[in-house]
file input24.cif (mmCIF, C-alpha atoms)
data_target
#
loop_
_atom_site.label_atom_id
_atom_site.label_comp_id
_atom_site.auth_asym_id
_atom_site.auth_seq_id
_atom_site.Cartn_x
_atom_site.Cartn_y
_atom_site.Cartn_z
CA MET A 256 46.24 -68.55 -2.30
CA THR A 257 48.18 -66.32 -4.63
CA TYR A 258 45.83 -67.32 -7.42
CA LEU A 259 42.75 -66.30 -5.36
CA ARG A 260 44.26 -62.92 -4.51
CA ALA A 261 44.91 -62.26 -8.19
CA LEU A 262 41.25 -62.98 -9.01
CA ALA A 263 39.93 -60.82 -6.14
CA VAL A 264 41.36 -57.58 -7.52
CA PRO A 265 39.54 -57.71 -10.91
CA LEU A 266 36.38 -58.88 -9.18
CA LEU A 267 36.35 -55.87 -6.86
CA LEU A 268 36.89 -53.56 -9.82
CA VAL A 269 33.94 -55.09 -11.69
CA LEU A 270 31.69 -54.80 -8.66
CA GLY A 271 32.68 -51.15 -8.22
CA LEU A 272 31.86 -50.36 -11.84
CA LEU A 273 28.49 -52.10 -11.58
CA SER A 274 27.56 -50.23 -8.43
CA ALA A 275 28.51 -46.91 -10.04
CA ALA A 276 26.49 -47.67 -13.15
CA ALA A 277 23.40 -48.70 -11.19
CA PRO A 278 20.96 -45.80 -10.82
CA ALA A 279 20.76 -44.33 -7.38
CA ALA A 280 17.56 -44.90 -5.50
CA ALA A 281 15.28 -41.96 -5.87
CA ALA A 282 14.89 -39.91 -2.71
CA PRO A 283 11.40 -40.18 -1.26
CA GLY A 284 9.21 -37.16 -1.91
CA PRO A 285 7.15 -35.25 0.64
CA THR A 286 4.43 -37.25 2.33
CA ALA A 287 1.50 -36.51 4.62
CA ALA A 288 -0.69 -38.63 6.89
CA LEU A 289 -3.82 -38.09 8.98
CA SER A 290 -4.64 -39.29 12.46
CA ARG A 291 -8.18 -40.12 11.28
CA SER A 292 -9.68 -40.57 7.82
CA GLU A 293 -13.12 -39.24 8.82
CA GLY A 294 -14.40 -36.51 11.09
CA GLY A 295 -17.34 -34.21 11.66
CA LYS A 296 -17.55 -30.45 11.68
CA GLY A 297 -16.12 -29.03 14.89
CA GLY A 298 -13.75 -31.95 15.41
CA GLU A 299 -9.98 -31.97 15.08
CA ILE A 300 -7.39 -34.14 13.36
CA THR A 301 -3.60 -34.26 13.42
CA VAL A 302 -1.73 -33.89 10.14
CA SER A 303 1.88 -35.07 10.04
CA GLY A 304 4.40 -35.51 7.28
CA SER A 305 8.02 -36.07 6.32
CA GLY A 306 10.35 -35.54 3.39
CA TRP A 307 9.74 -31.79 3.20
CA LYS A 308 12.38 -29.12 2.90
CA PRO A 309 13.64 -28.08 6.35
CA GLY A 310 12.35 -24.68 7.42
CA ALA A 311 9.60 -24.57 4.78
CA LEU A 312 6.21 -23.07 5.65
CA LEU A 313 3.22 -25.27 4.80
CA MET A 314 -0.50 -24.52 4.52
CA LEU A 315 -3.06 -27.14 5.59
CA LEU A 316 -6.61 -26.96 4.20
CA VAL A 317 -9.72 -29.12 4.00
CA CYS A 318 -10.86 -28.99 0.36
CA GLY A 319 -13.90 -30.31 -1.46
CA GLN A 320 -14.37 -31.49 -5.02
CA SER A 321 -10.93 -33.08 -4.86
CA ALA A 322 -9.24 -36.45 -4.94
CA PRO A 323 -5.66 -37.69 -4.54
CA GLY A 324 -3.98 -37.88 -7.91
CA LYS A 325 -6.40 -35.39 -9.45
CA GLY A 326 -5.65 -32.47 -7.18
CA VAL A 327 -7.98 -29.73 -6.02
CA ILE A 328 -10.11 -29.25 -9.11
CA GLY A 329 -11.68 -26.00 -7.97
CA GLY A 330 -8.43 -24.52 -6.70
CA THR A 331 -8.32 -22.86 -3.31
CA ASN A 332 -11.89 -21.64 -3.91
CA SER A 333 -12.96 -25.20 -3.08
CA CYS A 334 -11.23 -25.13 0.33
CA ALA A 335 -12.21 -23.97 3.81
CA ASN A 336 -9.64 -21.20 3.79
CA THR A 337 -10.76 -19.49 7.00
CA ASP A 338 -10.15 -22.68 9.01
CA GLY A 339 -6.75 -23.49 7.52
CA ARG A 340 -3.60 -23.86 9.57
CA ALA A 341 0.09 -23.21 8.93
CA ALA A 342 2.92 -25.57 9.84
CA THR A 343 6.69 -25.15 9.85
CA VAL A 344 8.93 -28.03 8.82
CA ASP A 345 11.64 -28.91 11.34
CA ALA A 346 15.32 -29.55 10.65
CA LYS A 347 14.61 -33.22 9.82
CA GLY A 348 11.99 -32.39 7.19
CA ALA A 349 9.01 -33.44 9.31
CA PHE A 350 6.02 -31.61 10.73
CA SER A 351 2.94 -32.23 12.87
CA GLN A 352 0.00 -29.85 13.19
CA LYS A 353 -3.59 -30.06 14.45
CA LEU A 354 -6.28 -29.06 11.94
CA PRO A 355 -9.93 -28.34 12.75
CA VAL A 356 -12.49 -30.17 10.67
CA ALA A 357 -14.53 -27.71 8.60
CA GLU A 358 -17.02 -28.06 5.77
CA PRO A 359 -15.56 -26.80 2.47
CA PRO A 360 -17.67 -24.72 0.07
CA LYS A 361 -17.71 -27.59 -2.46
CA PRO A 362 -19.19 -31.08 -1.96
CA CYS A 363 -17.06 -34.12 -1.23
CA PRO A 364 -15.06 -36.18 -2.16
CA CYS A 365 -12.71 -34.17 0.08
CA VAL A 366 -9.01 -34.12 0.84
CA VAL A 367 -6.62 -32.52 3.27
CA HIS A 368 -4.45 -30.36 1.04
CA VAL A 369 -0.87 -29.76 2.23
CA ALA A 370 1.05 -27.26 0.09
CA GLY A 371 4.29 -25.33 0.44
CA VAL A 372 4.05 -21.58 0.82
CA THR A 373 7.71 -20.57 0.95
CA GLY A 374 10.75 -22.29 -0.47
CA GLN A 375 8.91 -25.38 -1.71
CA GLN A 376 5.92 -25.61 -4.03
CA ASP A 377 5.21 -29.33 -3.61
CA SER A 378 1.72 -30.36 -2.57
CA VAL A 379 0.21 -33.55 -1.20
CA ASP A 380 -3.49 -34.49 -1.03
CA VAL A 381 -4.74 -37.05 1.46
CA ALA A 382 -8.30 -38.41 1.18
CA PHE A 383 -10.58 -37.33 4.01
CA THR A 384 -14.32 -37.68 4.66
CA VAL A 385 -16.26 -34.84 6.26
CA ALA A 386 -19.18 -36.52 8.04
CA GLY A 387 -22.57 -35.07 7.10
CA HIS A 388 -21.19 -33.00 4.21
CA PRO A 389 -22.88 -33.34 0.78
CA THR A 390 -21.20 -35.44 -1.86
CA ALA A 391 -21.20 -35.16 -5.64
CA PRO A 392 -19.26 -36.78 -8.48
CA LEU A 393 -16.20 -34.99 -9.71
CA PRO A 394 -16.71 -32.87 -12.86
CA GLU A 395 -15.74 -34.55 -16.07
CA ALA A 396 -12.57 -33.52 -17.79
CA THR A 397 -13.00 -31.28 -20.78
CA GLY A 398 -10.49 -33.28 -22.81
CA SER A 399 -7.24 -35.14 -22.66
CA GLY A 400 -5.36 -32.67 -24.77
CA ARG A 401 -1.87 -31.60 -23.82
CA LEU A 402 -1.06 -27.90 -24.01
CA VAL A 403 2.52 -26.75 -24.39
CA PRO A 404 3.93 -23.23 -24.91
CA LEU A 405 5.15 -22.53 -28.44
CA THR A 406 6.52 -19.02 -27.83
CA SER A 407 7.94 -17.14 -24.89
CA ALA A 408 5.50 -15.20 -22.78
CA ARG A 409 5.26 -11.42 -22.75
CA LEU A 410 3.43 -8.82 -20.71
CA GLU A 411 1.23 -6.30 -22.48
CA GLY A 412 -0.43 -3.18 -21.20
CA SER A 413 0.68 -0.12 -19.31
CA GLY A 414 -0.15 1.54 -16.03
CA GLY A 415 -2.18 4.70 -15.81
CA VAL A 416 -1.71 7.78 -13.69
CA LEU A 417 -3.46 6.14 -10.74
CA VAL A 418 -0.76 3.45 -10.58
CA TRP A 419 1.71 6.26 -9.86
CA PHE A 420 -0.38 6.98 -6.77
CA GLY A 421 -0.54 3.37 -5.55
CA ALA A 422 -3.40 1.85 -7.57
CA PRO A 423 -3.07 -1.88 -8.40
CA ALA A 424 -0.87 -2.56 -11.42
CA ARG A 425 -2.52 -4.62 -14.18
CA ARG A 426 -1.06 -6.41 -17.18
CA ASP A 427 -1.96 -9.21 -19.60
CA ILE A 428 0.38 -12.16 -19.97
CA VAL A 429 0.26 -13.39 -23.56
CA VAL A 430 1.57 -16.74 -24.77
CA THR A 431 0.96 -18.98 -27.77
CA VAL A 432 0.13 -22.56 -26.80
CA GLY A 433 -0.32 -25.66 -28.93
CA ASN A 434 -2.37 -28.80 -28.39
CA LEU A 435 -0.19 -31.88 -28.77
CA GLY A 436 -2.87 -34.25 -27.53
CA GLN A 437 -5.36 -36.40 -29.38
CA THR A 438 -8.53 -34.54 -28.35
CA ALA A 439 -9.62 -30.94 -28.34
CA VAL A 440 -9.31 -28.77 -25.25
CA LYS A 441 -12.40 -26.65 -24.61
CA ASP A 442 -12.35 -23.61 -22.30
CA PRO A 443 -9.12 -24.56 -20.50
CA VAL A 444 -8.57 -23.25 -16.99
CA PHE A 445 -5.11 -21.84 -16.36
CA GLU A 446 -3.55 -20.84 -13.06
CA VAL A 447 -1.79 -17.48 -12.95
CA GLY A 448 0.44 -16.68 -10.01
CA THR A 449 2.76 -13.87 -8.94
CA SER A 450 5.71 -14.19 -6.60
CA HIS A 451 7.91 -11.59 -4.95
CA GLY A 452 11.25 -12.27 -3.34
CA VAL A 453 11.60 -15.70 -1.71
CA PHE A 454 7.87 -16.37 -1.52
CA SER A 455 6.30 -18.96 -3.79
CA PRO A 456 3.61 -17.87 -6.28
CA GLN A 457 0.01 -17.51 -5.13
CA TYR A 458 -2.12 -18.87 -7.98
CA ASP A 459 -5.57 -17.76 -9.09
CA GLU A 460 -7.66 -19.49 -11.73
CA ARG A 461 -8.17 -17.82 -15.10
CA GLN A 462 -10.44 -19.49 -17.66
CA TRP A 463 -9.73 -18.95 -21.31
CA ARG A 464 -12.76 -19.12 -23.56
CA GLY A 465 -12.25 -21.11 -26.72
CA THR A 466 -11.41 -24.51 -28.14
CA ILE A 467 -7.96 -25.69 -29.19
CA ALA A 468 -8.17 -28.61 -31.63
CA PRO A 469 -5.48 -31.31 -31.76
CA GLY A 470 -2.42 -30.06 -33.60
CA ARG A 471 -3.65 -26.46 -33.48
CA LYS A 472 -2.34 -23.44 -31.64
CA ALA A 473 -3.97 -20.44 -30.04
CA LEU A 474 -2.95 -17.10 -28.57
CA VAL A 475 -3.88 -17.09 -24.90
CA ARG A 476 -4.24 -13.78 -23.05
CA LEU A 477 -4.68 -13.88 -19.27
CA PRO A 478 -5.04 -10.88 -16.92
CA VAL A 479 -2.58 -10.34 -14.07
CA GLU A 480 -3.08 -7.92 -11.19
CA LEU A 481 -0.95 -6.99 -8.19
CA GLY A 482 -1.98 -5.52 -4.88
CA ALA A 483 -2.28 -1.80 -4.20
CA GLY A 484 1.09 -0.12 -3.73
CA ALA A 485 3.07 -3.16 -4.94
CA HIS A 486 6.49 -2.39 -6.37
CA GLY A 487 9.75 -4.21 -7.04
CA ASP A 488 10.68 -7.33 -9.01
CA TYR A 489 7.90 -9.88 -9.50
CA GLN A 490 7.70 -13.22 -11.28
CA VAL A 491 4.53 -14.15 -13.20
CA SER A 492 3.88 -17.88 -13.70
CA VAL A 493 1.23 -19.71 -15.71
CA LYS A 494 0.31 -23.30 -14.88
CA TYR A 495 -1.90 -25.79 -16.66
CA GLY A 496 -2.60 -29.31 -15.49
CA GLY A 497 -0.36 -28.83 -12.46
CA LYS A 498 2.68 -27.94 -14.58
CA VAL A 499 4.28 -24.54 -15.09
CA LEU A 500 4.02 -23.50 -18.74
CA VAL A 501 5.81 -20.14 -18.76
CA GLU A 502 7.40 -17.65 -16.38
CA GLN A 503 7.92 -13.96 -17.03
CA PRO A 504 9.68 -11.34 -14.87
CA TRP A 505 7.82 -8.11 -14.15
CA GLY A 506 9.52 -5.02 -12.76
CA VAL A 507 7.05 -2.64 -11.11
CA GLY A 508 8.15 0.92 -10.39
CA ARG A 509 7.70 2.60 -7.04
CA PRO A 510 4.53 4.72 -6.68
CA TRP A 511 6.30 8.05 -6.26
CA GLY A 512 2.96 9.88 -6.22
CA VAL A 513 2.31 8.47 -2.74
CA THR A 514 5.71 9.72 -1.55
CA LEU A 515 5.04 13.15 -3.03
CA PHE A 516 1.64 13.23 -1.35
CA TRP A 517 3.13 12.51 2.07
CA LEU A 518 5.83 15.13 1.55
CA LEU A 519 3.25 17.76 0.69
CA LEU A 520 1.15 16.64 3.62
CA ALA A 521 4.16 16.99 5.92
CA VAL A 522 4.58 20.61 4.77
CA VAL A 523 0.97 21.75 4.48
CA VAL A 524 -0.36 20.32 7.73
CA PRO A 525 2.27 21.91 10.02
CA ALA A 526 1.85 25.24 8.21
CA ALA A 527 -1.93 25.09 8.64
CA LEU A 528 -1.59 24.15 12.31
CA PHE A 529 0.84 27.03 12.84
CA ARG A 530 -1.58 29.50 11.27
CA ILE A 531 -4.47 28.19 13.36
CA GLY A 532 -2.37 28.34 16.53
CA MET A 533 -1.30 31.90 15.85
CA ALA A 534 -4.91 32.91 15.25
CA VAL A 535 -5.96 31.34 18.55
CA VAL A 536 -3.11 33.00 20.43
CA ASP A 537 -3.98 36.36 18.91
CA LYS A 538 -7.61 35.84 19.93
CA VAL A 539 -7.05 34.88 23.57
CA ARG A 540 -4.02 36.99 24.56
CA PRO A 541 -4.79 40.00 26.91
CA ARG A 542 -5.02 43.45 25.33
CA ALA A 543 -3.00 46.49 26.60
CA PRO A 544 -5.24 48.99 28.56
CA ARG A 545 -6.08 52.24 26.75
CA SER A 546 -4.76 55.52 28.32
CA ARG A 547 -7.51 57.70 29.86
CA PRO A 548 -7.39 61.54 29.85
CA ALA A 549 -6.25 63.17 33.08
CA THR A 550 -8.90 64.64 35.46
CA GLY A 551 -8.78 67.80 37.55
CA ALA A 552 -9.06 68.21 41.31
CA HIS A 553 -12.89 68.37 41.19
CA GLY A 554 -13.16 65.14 39.15
CA LYS A 555 -13.64 66.92 35.87
CA ARG A 556 -11.62 65.76 32.92
CA ALA A 557 -9.00 68.19 31.75
CA ARG A 558 -9.41 69.47 28.29
CA ARG A 559 -7.29 67.84 25.65
CA ALA A 560 -4.18 69.84 24.96
CA ALA A 561 -4.32 71.83 21.80
CA PRO A 562 -1.92 70.89 19.07
CA PRO A 563 1.30 72.85 19.06
CA GLY A 564 1.20 76.09 17.04
CA PRO A 565 2.16 79.73 17.18
CA ALA A 566 1.52 81.21 20.59
CA PRO A 567 -1.17 83.97 20.57
CA ALA A 568 -0.09 87.52 21.12
CA PRO A 569 -0.50 88.65 24.75
CA ALA A 570 -3.51 90.87 25.26
CA HIS A 571 -3.07 94.25 27.02
CA ASP A 572 -4.59 94.38 30.43
CA THR A 573 -6.56 97.66 30.42
CA ALA A 574 -7.12 97.41 34.13
CA THR A 575 -3.46 97.49 35.11
CA THR A 576 -1.94 99.50 32.28
CA ALA A 577 -1.73 103.30 32.97
CA VAL A 578 -3.16 105.31 30.11
CA LEU A 579 -1.44 108.57 29.42
CA PRO A 580 -3.76 111.62 29.26
CA TRP A 581 -2.62 112.70 25.84
CA PHE A 582 -3.63 109.36 24.41
CA THR A 583 -7.24 109.70 25.55
CA PRO A 584 -9.67 110.99 22.99
CA ASP A 585 -10.86 113.80 25.27
CA SER A 586 -7.45 115.11 26.17
CA ALA A 587 -5.77 114.69 22.85
CA PRO A 588 -4.90 118.07 21.26
CA SER A 589 -6.55 118.94 18.03
CA GLU A 590 -5.67 121.43 15.36
CA ASN A 591 -8.72 123.66 15.99
CA SER A 592 -8.34 123.90 19.75
CA PRO A 593 -6.89 127.20 21.11
CA THR A 594 -4.65 125.35 23.45
CA SER A 595 -2.79 123.71 20.69
CA SER A 596 -2.33 126.96 18.81
CA SER A 597 -1.16 128.96 21.83
CA THR A 598 1.19 126.38 23.05
CA ARG A 599 2.68 125.59 19.64
CA LYS A 600 6.17 127.06 19.29
CA GLU A 601 7.32 128.75 16.22
CA PRO A 602 10.31 127.27 14.67
CA SER A 603 13.42 129.40 14.97
#
call {"tool": "encode", "arguments": {"input": "input24.cif", "output": "structure tokens"}}
result
Amino acid sequence: MTYLRALAVPLLLVLGLLSAAAPAAAAPGPTAALSRSEGGKGGEITVSGSGWKPGALLMLLVCGQSAPGKGVIGGTNSCANTDGRAATVDAKGAFSQKLPVAEPPKPCPCVVHVAGVTGQQDSVDVAFTVAGHPTAPLPEATGSGRLVPLTSARLEGSGGVLVWFGAPARRDIVVTVGNLGQTAVKDPVFEVGTSHGVFSPQYDERQWRGTIAPGRKALVRLPVELGAGAHGDYQVSVKYGGKVLVEQPWGVGRPWGVTLFWLLLAVVVPAALFRIGMAVVDKVRPRAPRSRPATGAHGKRARRAAPPGPAPAPAHDTATTAVLPWFTPDSAPSENSPTSSSTRKEPS
């Protein structure tokens, strides 16, 4: 018994080391399943899944020209975007959402495309048949070349005056890529996306015209554009073949011209309204009555008073004033009259 106990201790140690050295089982990735594999336009299916990040927001779309393992070849332009649905992952990483069956703009083969919008960028494609929808073979690949970035990406270009007033900001993301594959890559289609804050990038396809031979490199320039009035810290990403090649931060200034415009508007409009209001008040307010000249007892208006001035000299009333006889012309003495000579006294 003692011998068995002595052998058990080393055996347990060996088993512990072997279990630690064994690789851990890989955690299952996100999955999706459909309630039906075929449906007609106007119908409805249930899409469910598990293994997603809890709380993530998912977008569900019916896409044409697609196949599981090859992805959505035409991008979201091949999907029935107007009939898509959003789903929120629960705390256990699962979701279930009803999706209306719609005809995508591209022919089948079709898939139900489940992709993360926030917090998780994984995507899963499940084969689905849209009854009555046209079918066509998938486009052939332009080559099996493998493009990799050789230099870090950079943004070129500058904003004009209109960007200061809220116009969309535009730049070109430039990167040098090399073809490490065995065949040439002709007119590759890249995906350029911009993200802001916690949201995942929204990708748009950008086709680069040219051919990259095996072992060669090329300078790729792709346009990037933000929405009107966008400002803050953005992240520009470039994908090719479902893999992110480069990422580049982009700091966009605030459009202060819009703020200045609203400030001026807040000053000019009240001032104009005040002026208009004062003009209306001055137009409609009652006027003070004008003073009329006074009238006499017989209804005749009295004459306007003369302006003040020197009073006229009083005239002598000849009817009431007694006139002395010696002041009259007939009784006044004259030098030739005898009366004046006889009555004149000689001086003593």
call {"tool": "atom_distance", "arguments": {"input": "input24.cif", "atom1": "CA of Ser351 in chain A", "atom2": "CA of Thr286 in chain A"}}
result
11.8 Å
call {"tool": "resolve_selection", "arguments": {"input": "input24.cif", "expression": "the PyMOL selection byres ((chain A and resi 453-469) around 7)", "output": "ChimeraX atom specification"}}
result
/A:372-374,376,434-452,470-473,477
call {"tool": "axis_aligned_box", "arguments": {"input": "input24.cif", "around": "range 517-525 of chain A", "padding_each_side": "8 Å", "output": "JSON"}}
result
{"center_x": 2.7, "center_y": 17.2, "center_z": 5.4, "size_x": 22.2, "size_y": 25.4, "size_z": 25.3}
call {"tool": "closest_residue", "arguments": {"input": "input24.cif", "among": "A:Ala346, A:Leu410, A:Val493, A:Ala386", "to": "Cys365 in chain A", "atoms": "all atoms listed in the file"}}
result
A:Ala386
call {"tool": "resolve_selection", "arguments": {"input": "input24.cif", "expression": "the PyMOL selection byres ((chain A and resi 330-337) around 7)", "output": "list in words"}}
result
Leu316, Val317, Cys318, Gly319, Gln320, Val327, Ile328, Gly329, Asp338, Gly339, Ala357, Glu358, Pro359, Pro360 and Lys361 of chain A
call {"tool": "write_last_selection", "arguments": {"input": "input24.cif", "atoms": "C-alpha atoms", "output": "PDB file, keeping the file's coordinate frame"}}
result
ATOM      1  CA  LEU A 316      -6.610 -26.960   4.200  1.00  0.00           C
ATOM      2  CA  VAL A 317      -9.720 -29.120   4.000  1.00  0.00           C
ATOM      3  CA  CYS A 318     -10.860 -28.990   0.360  1.00  0.00           C
ATOM      4  CA  GLY A 319     -13.900 -30.310  -1.460  1.00  0.00           C
ATOM      5  CA  GLN A 320     -14.370 -31.490  -5.020  1.00  0.00           C
ATOM      6  CA  VAL A 327      -7.980 -29.730  -6.020  1.00  0.00           C
ATOM      7  CA  ILE A 328     -10.110 -29.250  -9.110  1.00  0.00           C
ATOM      8  CA  GLY A 329     -11.680 -26.000  -7.970  1.00  0.00           C
ATOM      9  CA  ASP A 338     -10.150 -22.680   9.010  1.00  0.00           C
ATOM     10  CA  GLY A 339      -6.750 -23.490   7.520  1.00  0.00           C
ATOM     11  CA  ALA A 357     -14.530 -27.710   8.600  1.00  0.00           C
ATOM     12  CA  GLU A 358     -17.020 -28.060   5.770  1.00  0.00           C
ATOM     13  CA  PRO A 359     -15.560 -26.800   2.470  1.00  0.00           C
ATOM     14  CA  PRO A 360     -17.670 -24.720   0.070  1.00  0.00           C
ATOM     15  CA  LYS A 361     -17.710 -27.590  -2.460  1.00  0.00           C
TER      16      LYS A 361
END
call {"tool": "closest_residue", "arguments": {"input": "input24.cif", "among": "A:Val369, A:Val381, A:Leu528, A:Cys363", "to": "Ala288 in chain A", "atoms": "all atoms listed in the file"}}
result
A:Val381
call {"tool": "closest_residue", "arguments": {"input": "input24.cif", "among": "A:Val479, A:Ile300, A:Val366, A:Val432", "to": "Val403 in chain A", "atoms": "only C-alpha atoms"}}
result
A:Val432
call {"tool": "atom_distance", "arguments": {"input": "input24.cif", "atom1": "CA of Ser292 in chain A", "atom2": "CA of Thr390 in chain A"}}
result
15.9 Å
call {"tool": "closest_residue", "arguments": {"input": "input24.cif", "among": "A:Arg476, A:Lys538, A:Lys325, A:Arg530", "to": "Pro394 in chain A", "atoms": "all atoms listed in the file"}}
result
A:Lys325
call {"tool": "atom_distance", "arguments": {"input": "input24.cif", "atom1": "CA of Leu312 in chain A", "atom2": "CA of Arg509 in chain A"}}
result
28.7 Å
call {"tool": "residues_around", "arguments": {"input": "input24.cif", "residues": "Ala370 in chain A", "least_positions_apart": "3", "cutoff": "8 Å", "atoms": "all atoms listed in the file", "output": "list of chain:residue names"}}
result
A:Leu313, A:Met314, A:Leu315, A:Gln376, A:Asp377, A:Ser378, A:Val379
